[in-house]
Amino acid sequence: MGTALQSQRNRSYAIIGTGAIGGFYGAKLQQAGFEVHFLLHRDYQFVRDRGLRVDSAWGDFTLDSLNVYNDVHQMPPCDGVIVALKTTQNFLLPTLLPPVLKESGAVLMLQNGLGNEEAIAPMVGNAHILGGLCFICSNKVAAGHIHHLDYGAITLGEYAPDYQPLGITAILRDIAGDLETAGIPIQFAEDLLLARWKKLVWNIPYNGLSVVLNARTDEIMKHEYTRLLSEQLMREVVAIAAAYGREIPESFIQKMLDHTAKMKPYITSMKLDYDYQRDLEIESIVGNPLQAAIAKQVPVPKIAMLYAQLNFINTRIKAQTPLPTSQ
């Protein structure tokens, strides 16, 4: 693997995907004094002219001067690259990643779902690959404007081929130290695959059901049948994880149910994409876990039904056919 990254605060970061997640964490890093380079698309001219506004539960701030780009070839190679694109845009990564990543650097995948680290491994040479699981309520509400509602912790783990557990590595500590300097709470995952399955225990039911039911998390949890359905979906995720040697205890399911019931009313990322008629992150969040279940012959009928329903809805979105209103 690559050599150790530079000393703290001398590291440079590139943000690929300056939205609700990448924009927030990138802005926090710049606010803490790190050199940060932001790749933007639709918001490029706006942010270049007016800066980036962050309304945050941790304190509002605005960055008036940023390093912003709409072309990766104009960006300098950086020590750390934070990928916060929607996974539906991951087909762009072979073009976006290599120009902005130093050979001895690290890529941090702040994305939902399963298999994202494995997919980029052929693109990054000897660079380290880290997975980050964000527990955050943050939305992009307008051009150059991010609204961070609550939470913000990241669970970090380093990727190895076949998701073999690596423990807490030096690179992991380096990147975690930078994020903590920026005020971001960090937890370590000695086993990245286990951490991914734990996140899917929440993401599959609530992202999926929020679209299929057209509901916020609090609405799902208040109704006895949909609360039960959430739990049943969680149990199917736990069964797949067990087939891959990752044990998730019963107490974790109850913790996720109780925590979600107490959360502020929240619109999931997939529901926001549905509301704005954007391509849904179905494959990484639901499809890849479903394929993992099929490979191990684990019966997951509810996940399979959810996957079929989401694909039906997404086909309509892609065709830009207005969804009918209920009578």
# chains A, B, ... in the order shown; residues from 1 in each chain; ligands from 1
>>> residues_around(residues="range 252-261 of chain A", least_positions_apart="5", cutoff="8 Å", atoms="only C-alpha atoms", output="PyMOL selection string")
chain A and resi 201-202+217-218+221-222+231+234-235
>>> select_by_dssp(residues="range 108-225 of chain A", states="strand (DSSP E)", output="MDAnalysis selection string")
chainID A and resid 108:109 128:142 145:158 186:188
>>> write_last_selection(atoms="C-alpha atoms", output="PDB file, in the first residue's frame")
ATOM      1  CA  LEU A 108     -12.838   7.821   1.448  1.00  0.00           C
ATOM      2  CA  MET A 109     -16.116   6.477   0.095  1.00  0.00           C
ATOM      3  CA  HIS A 128      -5.691   3.273   0.422  1.00  0.00           C
ATOM      4  CA  ILE A 129      -9.456   2.808   0.230  1.00  0.00           C
ATOM      5  CA  LEU A 130     -11.593   3.711   3.223  1.00  0.00           C
ATOM      6  CA  GLY A 131     -15.307   3.305   3.714  1.00  0.00           C
ATOM      7  CA  GLY A 132     -17.283   5.839   5.695  1.00  0.00           C
ATOM      8  CA  LEU A 133     -20.774   5.298   7.031  1.00  0.00           C
ATOM      9  CA  CYS A 134     -22.425   8.620   7.763  1.00  0.00           C
ATOM     10  CA  PHE A 135     -25.066   8.922  10.441  1.00  0.00           C
ATOM     11  CA  ILE A 136     -26.315  12.377   9.548  1.00  0.00           C
ATOM     12  CA  CYS A 137     -29.465  14.292   8.690  1.00  0.00           C
ATOM     13  CA  SER A 138     -28.360  16.781   6.043  1.00  0.00           C
ATOM     14  CA  ASN A 139     -30.065  18.123   2.937  1.00  0.00           C
ATOM     15  CA  LYS A 140     -29.059  20.386   0.089  1.00  0.00           C
ATOM     16  CA  VAL A 141     -31.889  22.910   0.029  1.00  0.00           C
ATOM     17  CA  ALA A 142     -30.751  25.303  -2.720  1.00  0.00           C
ATOM     18  CA  HIS A 145     -26.910  26.001   0.490  1.00  0.00           C
ATOM     19  CA  ILE A 146     -26.723  22.971   2.815  1.00  0.00           C
ATOM     20  CA  HIS A 147     -29.015  22.412   5.793  1.00  0.00           C
ATOM     21  CA  HIS A 148     -27.514  20.120   8.432  1.00  0.00           C
ATOM     22  CA  LEU A 149     -30.392  19.147  10.710  1.00  0.00           C
ATOM     23  CA  ASP A 150     -28.895  16.695  13.189  1.00  0.00           C
ATOM     24  CA  TYR A 151     -26.174  14.135  13.958  1.00  0.00           C
ATOM     25  CA  GLY A 152     -23.029  13.915  11.799  1.00  0.00           C
ATOM     26  CA  ALA A 153     -20.861  11.061  13.077  1.00  0.00           C
ATOM     27  CA  ILE A 154     -18.928   8.882  10.630  1.00  0.00           C
ATOM     28  CA  THR A 155     -17.916   5.262  11.154  1.00  0.00           C
ATOM     29  CA  LEU A 156     -14.614   4.645   9.358  1.00  0.00           C
ATOM     30  CA  GLY A 157     -13.056   1.377   8.215  1.00  0.00           C
ATOM     31  CA  GLU A 158     -10.294   0.484   5.766  1.00  0.00           C
ATOM     32  CA  ILE A 186     -15.605   9.447  14.472  1.00  0.00           C
ATOM     33  CA  GLN A 187     -16.025   5.798  15.327  1.00  0.00           C
ATOM     34  CA  PHE A 188     -13.719   3.071  14.038  1.00  0.00           C
TER      35      PHE A 188
END
>>> residues_around(residues="Lys318 in chain A", least_positions_apart="4", cutoff="12 Å", atoms="only C-alpha atoms", output="list of chain:residue names")
A:Asp273, A:Tyr274, A:Tyr276, A:Gln277, A:Arg278, A:Asp279, A:Leu280, A:Asn311, A:Phe312, A:Ile313, A:Asn314, A:Pro322, A:Leu323
>>> write_last_selection(atoms="C-alpha atoms", output="PDB file, in the first residue's frame")
ATOM      1  CA  ASP A 273     -34.565  11.706  -4.864  1.00  0.00           C
ATOM      2  CA  TYR A 274     -38.072  10.363  -5.445  1.00  0.00           C
ATOM      3  CA  TYR A 276     -37.372  15.478  -7.063  1.00  0.00           C
ATOM      4  CA  GLN A 277     -37.844  12.686  -9.629  1.00  0.00           C
ATOM      5  CA  ARG A 278     -34.153  11.767  -9.665  1.00  0.00           C
ATOM      6  CA  ASP A 279     -32.686   8.325 -10.380  1.00  0.00           C
ATOM      7  CA  LEU A 280     -32.933   6.206  -7.210  1.00  0.00           C
ATOM      8  CA  ASN A 311     -37.510  -0.660  -9.838  1.00  0.00           C
ATOM      9  CA  PHE A 312     -41.070  -0.151 -11.047  1.00  0.00           C
ATOM     10  CA  ILE A 313     -41.108   3.347  -9.543  1.00  0.00           C
ATOM     11  CA  ASN A 314     -37.630   4.150 -10.868  1.00  0.00           C
ATOM     12  CA  PRO A 322     -45.723  11.738 -13.954  1.00  0.00           C
ATOM     13  CA  LEU A 323     -46.754   9.405 -11.160  1.00  0.00           C
TER      14      LEU A 323
END
>>> residues_around(residues="Leu194 in chain A", least_positions_apart="2", cutoff="8 Å", atoms="only C-alpha atoms", output="list in words")
Asp191, Leu192, Arg196, Trp197, Lys198, Ala241, Arg246 and Glu247 of chain A
>>> closest_residue(among="A:Leu172, A:Gly183, A:Gly287, A:Ile248", to="Ile204 in chain A", atoms="only C-alpha atoms")
A:Gly287
>>> decode(residues="range 48-59 of chain A", atoms="all heavy atoms", output="PDB file, in the first residue's frame")
ATOM      1  N   ARG A  48     -18.888  29.535  -6.902  1.00  0.00           N
ATOM      2  CA  ARG A  48     -17.698  30.319  -7.234  1.00  0.00           C
ATOM      3  C   ARG A  48     -17.931  31.802  -6.950  1.00  0.00           C
ATOM      4  O   ARG A  48     -17.044  32.497  -6.445  1.00  0.00           O
ATOM      5  CB  ARG A  48     -17.347  30.121  -8.708  1.00  0.00           C
ATOM      6  CG  ARG A  48     -16.088  30.867  -9.143  1.00  0.00           C
ATOM      7  CD  ARG A  48     -15.805  30.647 -10.612  1.00  0.00           C
ATOM      8  NE  ARG A  48     -14.659  31.421 -11.042  1.00  0.00           N
ATOM      9  CZ  ARG A  48     -14.223  31.496 -12.289  1.00  0.00           C
ATOM     10  NH1 ARG A  48     -14.854  30.829 -13.251  1.00  0.00           N
ATOM     11  NH2 ARG A  48     -13.183  32.235 -12.598  1.00  0.00           N
ATOM     12  N   ASP A  49     -19.139  32.287  -7.277  1.00  0.00           N
ATOM     13  CA  ASP A  49     -19.435  33.713  -7.113  1.00  0.00           C
ATOM     14  C   ASP A  49     -19.857  34.076  -5.688  1.00  0.00           C
ATOM     15  O   ASP A  49     -19.502  35.148  -5.192  1.00  0.00           O
ATOM     16  CB  ASP A  49     -20.548  34.132  -8.079  1.00  0.00           C
ATOM     17  CG  ASP A  49     -20.129  34.038  -9.534  1.00  0.00           C
ATOM     18  OD1 ASP A  49     -18.908  33.999  -9.804  1.00  0.00           O
ATOM     19  OD2 ASP A  49     -21.023  33.975 -10.403  1.00  0.00           O
ATOM     20  N   ARG A  50     -20.596  33.189  -5.030  1.00  0.00           N
ATOM     21  CA  ARG A  50     -21.244  33.562  -3.765  1.00  0.00           C
ATOM     22  C   ARG A  50     -20.816  32.730  -2.557  1.00  0.00           C
ATOM     23  O   ARG A  50     -21.211  33.015  -1.436  1.00  0.00           O
ATOM     24  CB  ARG A  50     -22.763  33.460  -3.914  1.00  0.00           C
ATOM     25  CG  ARG A  50     -23.324  34.289  -5.063  1.00  0.00           C
ATOM     26  CD  ARG A  50     -24.826  34.344  -5.004  1.00  0.00           C
ATOM     27  NE  ARG A  50     -25.401  34.832  -6.244  1.00  0.00           N
ATOM     28  CZ  ARG A  50     -26.697  35.019  -6.447  1.00  0.00           C
ATOM     29  NH1 ARG A  50     -27.558  34.743  -5.475  1.00  0.00           N
ATOM     30  NH2 ARG A  50     -27.147  35.459  -7.605  1.00  0.00           N
ATOM     31  N   GLY A  51     -20.061  31.664  -2.793  1.00  0.00           N
ATOM     32  CA  GLY A  51     -19.614  30.847  -1.679  1.00  0.00           C
ATOM     33  C   GLY A  51     -20.596  29.754  -1.312  1.00  0.00           C
ATOM     34  O   GLY A  51     -21.589  29.501  -2.016  1.00  0.00           O
ATOM     35  N   LEU A  52     -20.318  29.087  -0.206  1.00  0.00           N
ATOM     36  CA  LEU A  52     -21.115  27.945   0.257  1.00  0.00           C
ATOM     37  C   LEU A  52     -21.678  28.254   1.636  1.00  0.00           C
ATOM     38  O   LEU A  52     -20.939  28.569   2.571  1.00  0.00           O
ATOM     39  CB  LEU A  52     -20.239  26.689   0.319  1.00  0.00           C
ATOM     40  CG  LEU A  52     -20.905  25.366   0.681  1.00  0.00           C
ATOM     41  CD1 LEU A  52     -21.934  24.965  -0.372  1.00  0.00           C
ATOM     42  CD2 LEU A  52     -19.851  24.273   0.837  1.00  0.00           C
ATOM     43  N   ARG A  53     -22.980  28.167   1.768  1.00  0.00           N
ATOM     44  CA  ARG A  53     -23.669  28.444   3.033  1.00  0.00           C
ATOM     45  C   ARG A  53     -24.050  27.133   3.706  1.00  0.00           C
ATOM     46  O   ARG A  53     -24.621  26.243   3.059  1.00  0.00           O
ATOM     47  CB  ARG A  53     -24.914  29.288   2.775  1.00  0.00           C
ATOM     48  CG  ARG A  53     -25.815  29.486   3.984  1.00  0.00           C
ATOM     49  CD  ARG A  53     -27.043  30.286   3.613  1.00  0.00           C
ATOM     50  NE  ARG A  53     -28.064  30.257   4.658  1.00  0.00           N
ATOM     51  CZ  ARG A  53     -29.274  30.802   4.556  1.00  0.00           C
ATOM     52  NH1 ARG A  53     -29.614  31.439   3.439  1.00  0.00           N
ATOM     53  NH2 ARG A  53     -30.134  30.713   5.549  1.00  0.00           N
ATOM     54  N   VAL A  54     -23.736  27.028   4.983  1.00  0.00           N
ATOM     55  CA  VAL A  54     -24.087  25.840   5.760  1.00  0.00           C
ATOM     56  C   VAL A  54     -24.894  26.280   6.978  1.00  0.00           C
ATOM     57  O   VAL A  54     -24.375  26.969   7.867  1.00  0.00           O
ATOM     58  CB  VAL A  54     -22.832  25.064   6.208  1.00  0.00           C
ATOM     59  CG1 VAL A  54     -23.245  23.837   7.035  1.00  0.00           C
ATOM     60  CG2 VAL A  54     -21.991  24.649   5.010  1.00  0.00           C
ATOM     61  N   ASP A  55     -26.171  25.908   7.009  1.00  0.00           N
ATOM     62  CA  ASP A  55     -26.993  26.081   8.203  1.00  0.00           C
ATOM     63  C   ASP A  55     -26.919  24.765   8.970  1.00  0.00           C
ATOM     64  O   ASP A  55     -27.357  23.731   8.471  1.00  0.00           O
ATOM     65  CB  ASP A  55     -28.444  26.393   7.837  1.00  0.00           C
ATOM     66  CG  ASP A  55     -28.587  27.712   7.087  1.00  0.00           C
ATOM     67  OD1 ASP A  55     -27.687  28.560   7.215  1.00  0.00           O
ATOM     68  OD2 ASP A  55     -29.592  27.875   6.368  1.00  0.00           O
ATOM     69  N   SER A  56     -26.328  24.817  10.167  1.00  0.00           N
ATOM     70  CA  SER A  56     -25.994  23.571  10.845  1.00  0.00           C
ATOM     71  C   SER A  56     -26.467  23.558  12.293  1.00  0.00           C
ATOM     72  O   SER A  56     -26.440  24.591  12.985  1.00  0.00           O
ATOM     73  CB  SER A  56     -24.474  23.363  10.809  1.00  0.00           C
ATOM     74  OG  SER A  56     -24.094  22.247  11.596  1.00  0.00           O
ATOM     75  N   ALA A  57     -26.859  22.361  12.727  1.00  0.00           N
ATOM     76  CA  ALA A  57     -27.174  22.159  14.141  1.00  0.00           C
ATOM     77  C   ALA A  57     -25.959  22.411  15.022  1.00  0.00           C
ATOM     78  O   ALA A  57     -26.088  22.617  16.229  1.00  0.00           O
ATOM     79  CB  ALA A  57     -27.691  20.731  14.348  1.00  0.00           C
ATOM     80  N   TRP A  58     -24.766  22.411  14.429  1.00  0.00           N
ATOM     81  CA  TRP A  58     -23.528  22.660  15.165  1.00  0.00           C
ATOM     82  C   TRP A  58     -23.058  24.109  15.053  1.00  0.00           C
ATOM     83  O   TRP A  58     -21.967  24.445  15.490  1.00  0.00           O
ATOM     84  CB  TRP A  58     -22.416  21.739  14.651  1.00  0.00           C
ATOM     85  CG  TRP A  58     -22.694  20.281  14.817  1.00  0.00           C
ATOM     86  CD1 TRP A  58     -23.646  19.708  15.596  1.00  0.00           C
ATOM     87  CD2 TRP A  58     -22.002  19.200  14.181  1.00  0.00           C
ATOM     88  NE1 TRP A  58     -23.608  18.330  15.491  1.00  0.00           N
ATOM     89  CE2 TRP A  58     -22.598  17.993  14.623  1.00  0.00           C
ATOM     90  CE3 TRP A  58     -20.949  19.127  13.280  1.00  0.00           C
ATOM     91  CZ2 TRP A  58     -22.169  16.740  14.203  1.00  0.00           C
ATOM     92  CZ3 TRP A  58     -20.522  17.880  12.851  1.00  0.00           C
ATOM     93  CH2 TRP A  58     -21.123  16.702  13.315  1.00  0.00           C
ATOM     94  N   GLY A  59     -23.869  24.943  14.413  1.00  0.00           N
ATOM     95  CA  GLY A  59     -23.490  26.338  14.226  1.00  0.00           C
ATOM     96  C   GLY A  59     -23.437  26.696  12.750  1.00  0.00           C
ATOM     97  O   GLY A  59     -22.778  26.023  11.967  1.00  0.00           O
TER      98      GLY A  59
END
